[in-house]
>>> print(open('run29.cif').read())   # mmCIF, C-alpha atoms
data_protein
loop_
_atom_site.label_atom_id
_atom_site.label_comp_id
_atom_site.auth_asym_id
_atom_site.auth_seq_id
_atom_site.Cartn_x
_atom_site.Cartn_y
_atom_site.Cartn_z
CA MET S 1 18.82 -2.52 -51.74
CA THR S 2 21.44 -2.34 -54.46
CA LYS S 3 22.67 1.17 -54.94
CA SER S 4 25.54 0.47 -57.30
CA ILE S 5 26.52 -1.96 -60.02
CA ASN S 6 29.84 -3.75 -59.99
CA HIS S 7 31.35 -6.03 -62.59
CA THR S 8 34.86 -7.42 -62.80
CA PHE S 9 36.21 -8.98 -65.95
CA PHE S 10 39.59 -10.42 -66.81
CA PHE S 11 41.09 -10.13 -70.27
CA THR S 12 44.23 -11.84 -71.52
CA HIS S 13 45.42 -8.61 -73.09
CA PRO S 14 47.59 -5.82 -71.71
CA PRO S 15 45.85 -2.72 -70.27
CA ARG S 16 46.64 -0.59 -73.31
CA VAL S 17 44.58 -2.92 -75.55
CA VAL S 18 41.63 -2.95 -73.14
CA TRP S 19 41.97 0.82 -72.76
CA GLU S 20 41.57 1.21 -76.54
CA TYR S 21 38.23 -0.55 -76.33
CA LEU S 22 37.12 1.78 -73.56
CA THR S 23 38.22 5.04 -75.16
CA ASN S 24 38.12 4.70 -78.94
CA ALA S 25 34.61 5.59 -80.11
CA GLU S 26 34.67 3.10 -82.99
CA LEU S 27 35.95 0.24 -80.88
CA MET S 28 33.49 1.15 -78.11
CA ALA S 29 30.63 0.95 -80.61
CA GLN S 30 31.63 -2.64 -81.42
CA TRP S 31 30.69 -3.91 -77.98
CA LEU S 32 28.87 -1.08 -76.22
CA MET S 33 26.83 1.46 -78.17
CA PRO S 34 27.20 4.05 -80.90
CA ASN S 35 28.75 7.11 -79.31
CA ASP S 36 30.80 10.23 -79.90
CA PHE S 37 33.25 9.76 -77.06
CA LEU S 38 36.61 11.52 -76.86
CA PRO S 39 39.00 10.90 -73.96
CA LEU S 40 39.08 14.53 -72.87
CA VAL S 41 38.15 15.62 -69.36
CA GLY S 42 35.07 17.84 -69.50
CA TYR S 43 33.99 16.56 -72.93
CA ASP S 44 30.24 15.99 -73.36
CA PHE S 45 29.22 12.96 -75.34
CA GLN S 46 26.27 10.64 -75.86
CA PHE S 47 25.56 6.97 -76.15
CA LYS S 48 22.61 5.82 -78.22
CA VAL S 49 20.76 2.65 -77.48
CA ASN S 50 17.29 1.27 -78.18
CA PRO S 51 14.61 3.08 -76.15
CA VAL S 52 13.13 1.20 -73.18
CA PRO S 53 9.51 2.36 -72.87
CA ALA S 54 8.92 0.46 -69.62
CA LEU S 55 11.58 2.60 -67.94
CA GLU S 56 10.59 5.76 -69.77
CA PHE S 57 14.05 5.75 -71.28
CA ASP S 58 14.41 7.38 -74.69
CA GLY S 59 17.68 5.55 -75.43
CA ILE S 60 20.07 8.47 -75.17
CA VAL S 61 22.66 8.56 -72.42
CA TYR S 62 24.14 11.98 -71.73
CA CYS S 63 27.69 11.81 -70.44
CA LYS S 64 30.55 14.03 -69.47
CA VAL S 65 34.11 12.79 -69.18
CA LEU S 66 35.29 13.26 -65.61
CA GLU S 67 38.59 11.44 -65.36
CA VAL S 68 41.11 10.08 -67.87
CA LYS S 69 44.18 8.32 -66.51
CA PRO S 70 45.55 6.41 -69.50
CA PHE S 71 45.53 2.61 -69.09
CA THR S 72 44.38 2.92 -65.47
CA LYS S 73 41.18 4.85 -64.83
CA LEU S 74 38.31 6.35 -66.75
CA SER S 75 35.10 7.85 -65.46
CA TYR S 76 32.12 9.71 -66.87
CA SER S 77 28.73 10.87 -65.71
CA TRP S 78 25.78 8.87 -67.02
CA LYS S 79 22.42 10.59 -67.24
CA CYS S 80 19.25 9.53 -68.97
CA GLY S 81 15.52 9.97 -68.97
CA PRO S 82 12.29 9.99 -70.98
CA GLY S 83 13.39 12.58 -73.53
CA ASN S 84 13.29 16.34 -74.09
CA MET S 85 16.53 16.59 -72.10
CA GLN S 86 14.57 15.54 -69.02
CA ILE S 87 16.87 13.59 -66.70
CA THR S 88 15.44 11.00 -64.33
CA VAL S 89 18.61 9.04 -63.69
CA ASP S 90 21.81 10.77 -62.70
CA SER S 91 24.70 8.38 -62.14
CA LEU S 92 28.41 7.75 -62.49
CA VAL S 93 30.38 5.16 -64.49
CA GLU S 94 33.92 4.34 -63.39
CA TRP S 95 36.33 2.00 -65.10
CA THR S 96 39.48 0.76 -63.38
CA LEU S 97 42.15 -1.24 -65.17
CA GLN S 98 44.72 -3.23 -63.30
CA GLU S 99 47.64 -4.94 -64.96
CA LYS S 100 48.01 -8.60 -64.01
CA GLU S 101 50.67 -11.13 -64.84
CA ASN S 102 48.94 -12.44 -67.93
CA GLY S 103 46.41 -9.76 -68.70
CA THR S 104 44.18 -7.04 -67.35
CA GLU S 105 41.54 -6.94 -64.68
CA LEU S 106 38.80 -4.52 -65.64
CA ARG S 107 36.43 -3.27 -63.01
CA LEU S 108 33.23 -1.38 -63.64
CA ASN S 109 31.46 0.56 -60.93
CA HIS S 110 28.20 2.22 -61.93
CA SER S 111 26.99 4.16 -58.95
CA GLY S 112 25.52 7.31 -57.48
CA PHE S 113 22.04 6.60 -58.76
CA LYS S 114 19.85 9.54 -58.02
CA GLU S 115 16.39 10.02 -59.34
CA GLY S 116 15.05 13.42 -60.11
CA ILE S 117 11.42 13.20 -59.10
CA HIS S 118 9.88 12.51 -55.69
CA VAL S 119 13.21 11.43 -54.33
CA PRO S 120 13.62 13.80 -51.40
CA LEU S 121 10.58 12.45 -49.59
CA TYR S 122 11.35 8.81 -50.25
CA THR S 123 15.00 9.23 -49.45
CA ALA S 124 13.89 10.91 -46.28
CA MET S 125 11.93 7.83 -45.31
CA HIS S 126 14.91 5.59 -45.74
CA ASP S 127 17.71 7.76 -44.49
CA GLY S 128 16.28 8.37 -41.11
CA TRP S 129 13.08 10.13 -40.47
CA ALA S 130 14.20 11.92 -37.37
CA LYS S 131 16.77 13.97 -39.26
CA ASN S 132 14.32 14.87 -41.98
CA ILE S 133 11.45 15.61 -39.71
CA ALA S 134 13.65 18.26 -38.16
CA LYS S 135 14.32 19.56 -41.65
CA ILE S 136 10.65 19.55 -42.57
CA ASN S 137 9.80 21.32 -39.35
CA ASN S 138 12.41 23.95 -40.14
CA LEU S 139 11.08 24.36 -43.64
CA LEU S 140 7.54 24.64 -42.40
CA ASN S 141 8.54 27.17 -39.76
CA THR S 142 10.54 29.17 -42.25
CA ALA S 143 7.67 29.07 -44.72
CA THR S 144 5.25 30.34 -42.10
CA HIS S 145 7.56 33.10 -40.96
CA GLY S 146 8.42 33.97 -44.53
CA THR S 147 4.78 34.52 -45.38
CA ALA S 148 4.24 36.54 -42.23
CA ASN S 149 7.16 38.80 -43.04
CA ALA S 150 6.38 39.19 -46.70
CA MET H 1 -17.04 13.61 -45.85
CA ALA H 2 -15.12 14.72 -48.92
CA GLN H 3 -12.20 12.55 -49.98
CA GLN H 4 -9.11 14.03 -48.39
CA THR H 5 -6.24 14.40 -50.79
CA LEU H 6 -3.46 16.59 -49.54
CA ASP H 7 -0.14 17.27 -51.18
CA ALA H 8 2.98 15.60 -49.80
CA PHE H 9 3.92 18.60 -47.76
CA GLN H 10 0.54 18.84 -46.11
CA VAL H 11 0.65 15.12 -45.47
CA VAL H 12 3.93 15.24 -43.59
CA GLY H 13 3.00 18.53 -41.99
CA ASP H 14 1.10 16.64 -39.33
CA ALA H 15 3.02 15.20 -36.38
CA SER H 16 0.83 12.10 -36.00
CA ARG H 17 1.19 11.22 -39.63
CA ARG H 18 4.95 11.65 -39.44
CA GLU H 19 4.96 9.32 -36.50
CA ILE H 20 2.95 6.74 -38.40
CA LEU H 21 5.40 6.93 -41.32
CA GLN H 22 8.28 6.62 -38.94
CA MET H 23 6.75 3.51 -37.41
CA LEU H 24 6.18 2.03 -40.86
CA SER H 25 9.74 2.76 -41.94
CA LYS H 26 10.75 -0.04 -39.56
CA ASP H 27 8.05 -2.58 -40.34
CA SER H 28 4.62 -3.18 -41.82
CA LEU H 29 1.92 -2.76 -39.20
CA THR H 30 -1.78 -3.40 -38.85
CA ILE H 31 -4.04 -0.43 -38.40
CA ASN H 32 -4.86 -1.75 -34.93
CA SER H 33 -1.24 -1.90 -33.84
CA ILE H 34 -0.65 1.60 -35.17
CA ALA H 35 -3.68 2.81 -33.22
CA ASP H 36 -2.31 1.16 -30.06
CA ASN H 37 0.61 3.59 -30.19
CA PHE H 38 -1.62 6.65 -30.09
CA ASP H 39 -3.86 8.20 -27.49
CA MET H 40 -6.34 9.32 -30.11
CA SER H 41 -9.36 7.31 -31.14
CA ARG H 42 -9.15 4.55 -33.69
CA PRO H 43 -11.32 6.46 -36.17
CA ALA H 44 -8.92 9.39 -35.86
CA VAL H 45 -5.97 7.10 -36.60
CA SER H 46 -7.89 5.61 -39.52
CA LYS H 47 -8.41 9.09 -40.90
CA HIS H 48 -4.67 9.77 -40.87
CA ILE H 49 -4.01 6.42 -42.49
CA LYS H 50 -6.52 7.22 -45.18
CA ILE H 51 -4.75 10.50 -45.87
CA LEU H 52 -1.39 8.74 -46.10
CA TYR H 53 -2.91 6.16 -48.39
CA ASN H 54 -4.57 8.74 -50.66
CA ALA H 55 -1.32 10.64 -50.96
CA GLY H 56 0.52 7.47 -52.00
CA PHE H 57 2.70 7.25 -48.93
CA ILE H 58 1.50 3.84 -47.87
CA SER H 59 -0.24 0.80 -49.28
CA ILE H 60 -2.84 -1.22 -47.39
CA GLN H 61 -3.24 -4.96 -47.69
CA ASP H 62 -5.92 -7.11 -46.16
CA VAL H 63 -4.52 -10.21 -44.53
CA GLY H 64 -7.30 -12.21 -42.91
CA ARG H 65 -9.18 -9.81 -40.69
CA GLU H 66 -6.30 -7.42 -40.36
CA ARG H 67 -5.38 -4.49 -42.57
CA TYR H 68 -1.63 -4.12 -42.97
CA CYS H 69 -0.03 -0.80 -43.79
CA THR H 70 3.26 -0.72 -45.63
CA LEU H 71 5.43 2.19 -46.64
CA LYS H 72 5.08 2.68 -50.36
CA GLU H 73 8.34 3.03 -52.14
CA ASP H 74 7.35 3.74 -55.72
CA GLY H 75 10.14 6.21 -56.21
CA PHE H 76 12.73 3.79 -54.97
CA ASN H 77 11.33 0.81 -56.82
CA LYS H 78 11.57 2.74 -60.05
CA LEU H 79 15.17 3.55 -59.34
CA GLN H 80 15.85 -0.09 -58.54
CA GLU H 81 14.36 -1.03 -61.93
CA TRP H 82 16.87 1.26 -63.61
CA ILE H 83 19.72 -0.23 -61.61
CA ASN H 84 18.61 -3.76 -62.47
CA TYR H 85 18.32 -2.79 -66.10
CA PHE H 86 21.82 -1.33 -66.27
CA ASP H 87 23.26 -4.22 -64.29
CA LYS H 88 22.10 -6.67 -66.97
CA PHE H 89 23.04 -4.20 -69.66
CA TRP H 90 26.66 -4.01 -68.50
CA ALA H 91 26.95 -7.74 -67.93
CA SER H 92 25.89 -8.47 -71.50
CA LYS H 93 28.01 -5.67 -72.97
CA LEU H 94 31.10 -6.78 -71.11
CA GLN H 95 30.57 -10.35 -72.26
CA LYS H 96 30.51 -9.02 -75.78
CA LEU H 97 33.77 -7.19 -75.15
CA GLU H 98 35.22 -10.40 -73.79
CA THR H 99 34.23 -12.26 -76.94
CA ILE H 100 35.73 -9.59 -79.15
CA LEU H 101 38.98 -9.54 -77.20
CA ASN H 102 39.20 -13.32 -77.03
CA ASN H 103 38.88 -13.54 -80.77
CA LYS H 104 41.50 -10.91 -81.25
CA THR H 105 45.04 -12.17 -81.75
CA LYS H 106 47.30 -11.22 -78.89
CA ASN H 107 49.64 -8.39 -79.63
#
>>> encode(input="run29.cif", output="structure tokens")
Amino acid sequence: MTKSINHTFFFTHPPRVVWEYLTNAELMAQWLMPNDFLPLVGYDFQFKVNPVPALEFDGIVYCKVLEVKPFTKLSYSWKCGPGNMQITVDSLVEWTLQEKENGTELRLNHSGFKEGIHVPLYTAMHDGWAKNIAKINNLLNTATHGTANA
Amino acid sequence: MAQQTLDAFQVVGDASRREILQMLSKDSLTINSIADNFDMSRPAVSKHIKILYNAGFISIQDVGRERYCTLKEDGFNKLQEWINYFDKFWASKLQKLETILNNKTKN
């Protein structure tokens, strides 16, 4: 099962030109989405796209700038959901620029997909039941004792 | 007998049911082959399977005379849909960026 998205593109432009298109809100809007991005670590911004009802996606991506290394690396969190600030997808977008002889190699890694609802149980199923059964047993035991002591 | 619908915690609170889920995490199995792994009666195993099914933990498919149980992964499938969506999303966006940059005079 795919857990992350990877794309590599090559552009016949130097990294600083590609970087502009990744970090200037107006230039970003030309190819990506309307946004209010600023290349400042810790800055909260949003992308706006058409809603996707099938995914219960209201079309707003909530992001926070995590890393800004001019012309080299850029990363931000990428969260979205059905609306009312409810987040069902919590992920990470990382851009890496590498200078090549006649241009720039741009790599995108979109990863860390976590889903808010029902995940613990399903993750448990896939990440090894044994480990989680122990956890569930502990929780159940604690719950029982907790009630007894309360 | 009343339809048994327990919450997820109650469902996994039972050792036999956890064992069934564990078995299904490796492969789909028929109800008969699941029952073969237990000392309890087949109806007892069926009851556990019904509980797992009602709680959405497994799906059951009839293949010929056999009933196959499969772990249900709704939560994961949904997440995979998101990943697929964004994968296509980025591919098309980056192609657009490529077009814009290709049309731009080199400087």
>>> closest_atom_pairs(input="run29.cif", of="chain S", to="chain H", cutoff="6 Å", atoms="all atoms listed in the file", output="CSV")
residue,atom,partner,partner_atom,distance
S:Ile5,CA,H:Asp87,CA,5.8
S:Trp31,CA,H:Leu97,CA,5.3
S:Leu32,CA,H:Lys93,CA,5.7
>>> atom_distance(input="run29.cif", atom1="CA of Asp90 in chain S", atom2="CA of Met28 in chain S")
21.6 Å
>>> residues_around(input="run29.cif", residues="Tyr76 in chain S", least_positions_apart="5", cutoff="8 Å", atoms="all atoms listed in the file", output="list in words")
Cys63, Lys64, Val65, Leu66, Glu67, Leu92, Val93 and Glu94 of chain S
>>> residues_around(input="run29.cif", residues="Thr8 in chain S", least_positions_apart="2", cutoff="10 Å", atoms="only C-alpha atoms", output="list in words")
Asn6, Phe10, Trp95, Thr96, Leu97, Glu105, Leu106, Arg107, Leu108 and Asn109 of chain S; Ala91 and Leu94 of chain H
>>> closest_residue(input="run29.cif", among="S:Leu40, S:Val68, S:Pro53, S:Glu101", to="Gly81 in chain S", atoms="only C-alpha atoms")
S:Pro53
>>> atom_distance(input="run29.cif", atom1="CA of Pro15 in chain S", atom2="CA of Phe71 in chain S")
5.5 Å
>>> atom_distance(input="run29.cif", atom1="CA of Phe113 in chain S", atom2="CA of Cys69 in chain H")
27.7 Å
>>> residues_around(input="run29.cif", residues="Val45 in chain H", least_positions_apart="5", cutoff="10 Å", atoms="all atoms listed in the file", output="VMD selection string")
chain H and resid 16 to 17 20 31 to 32 34 to 40 50 to 51
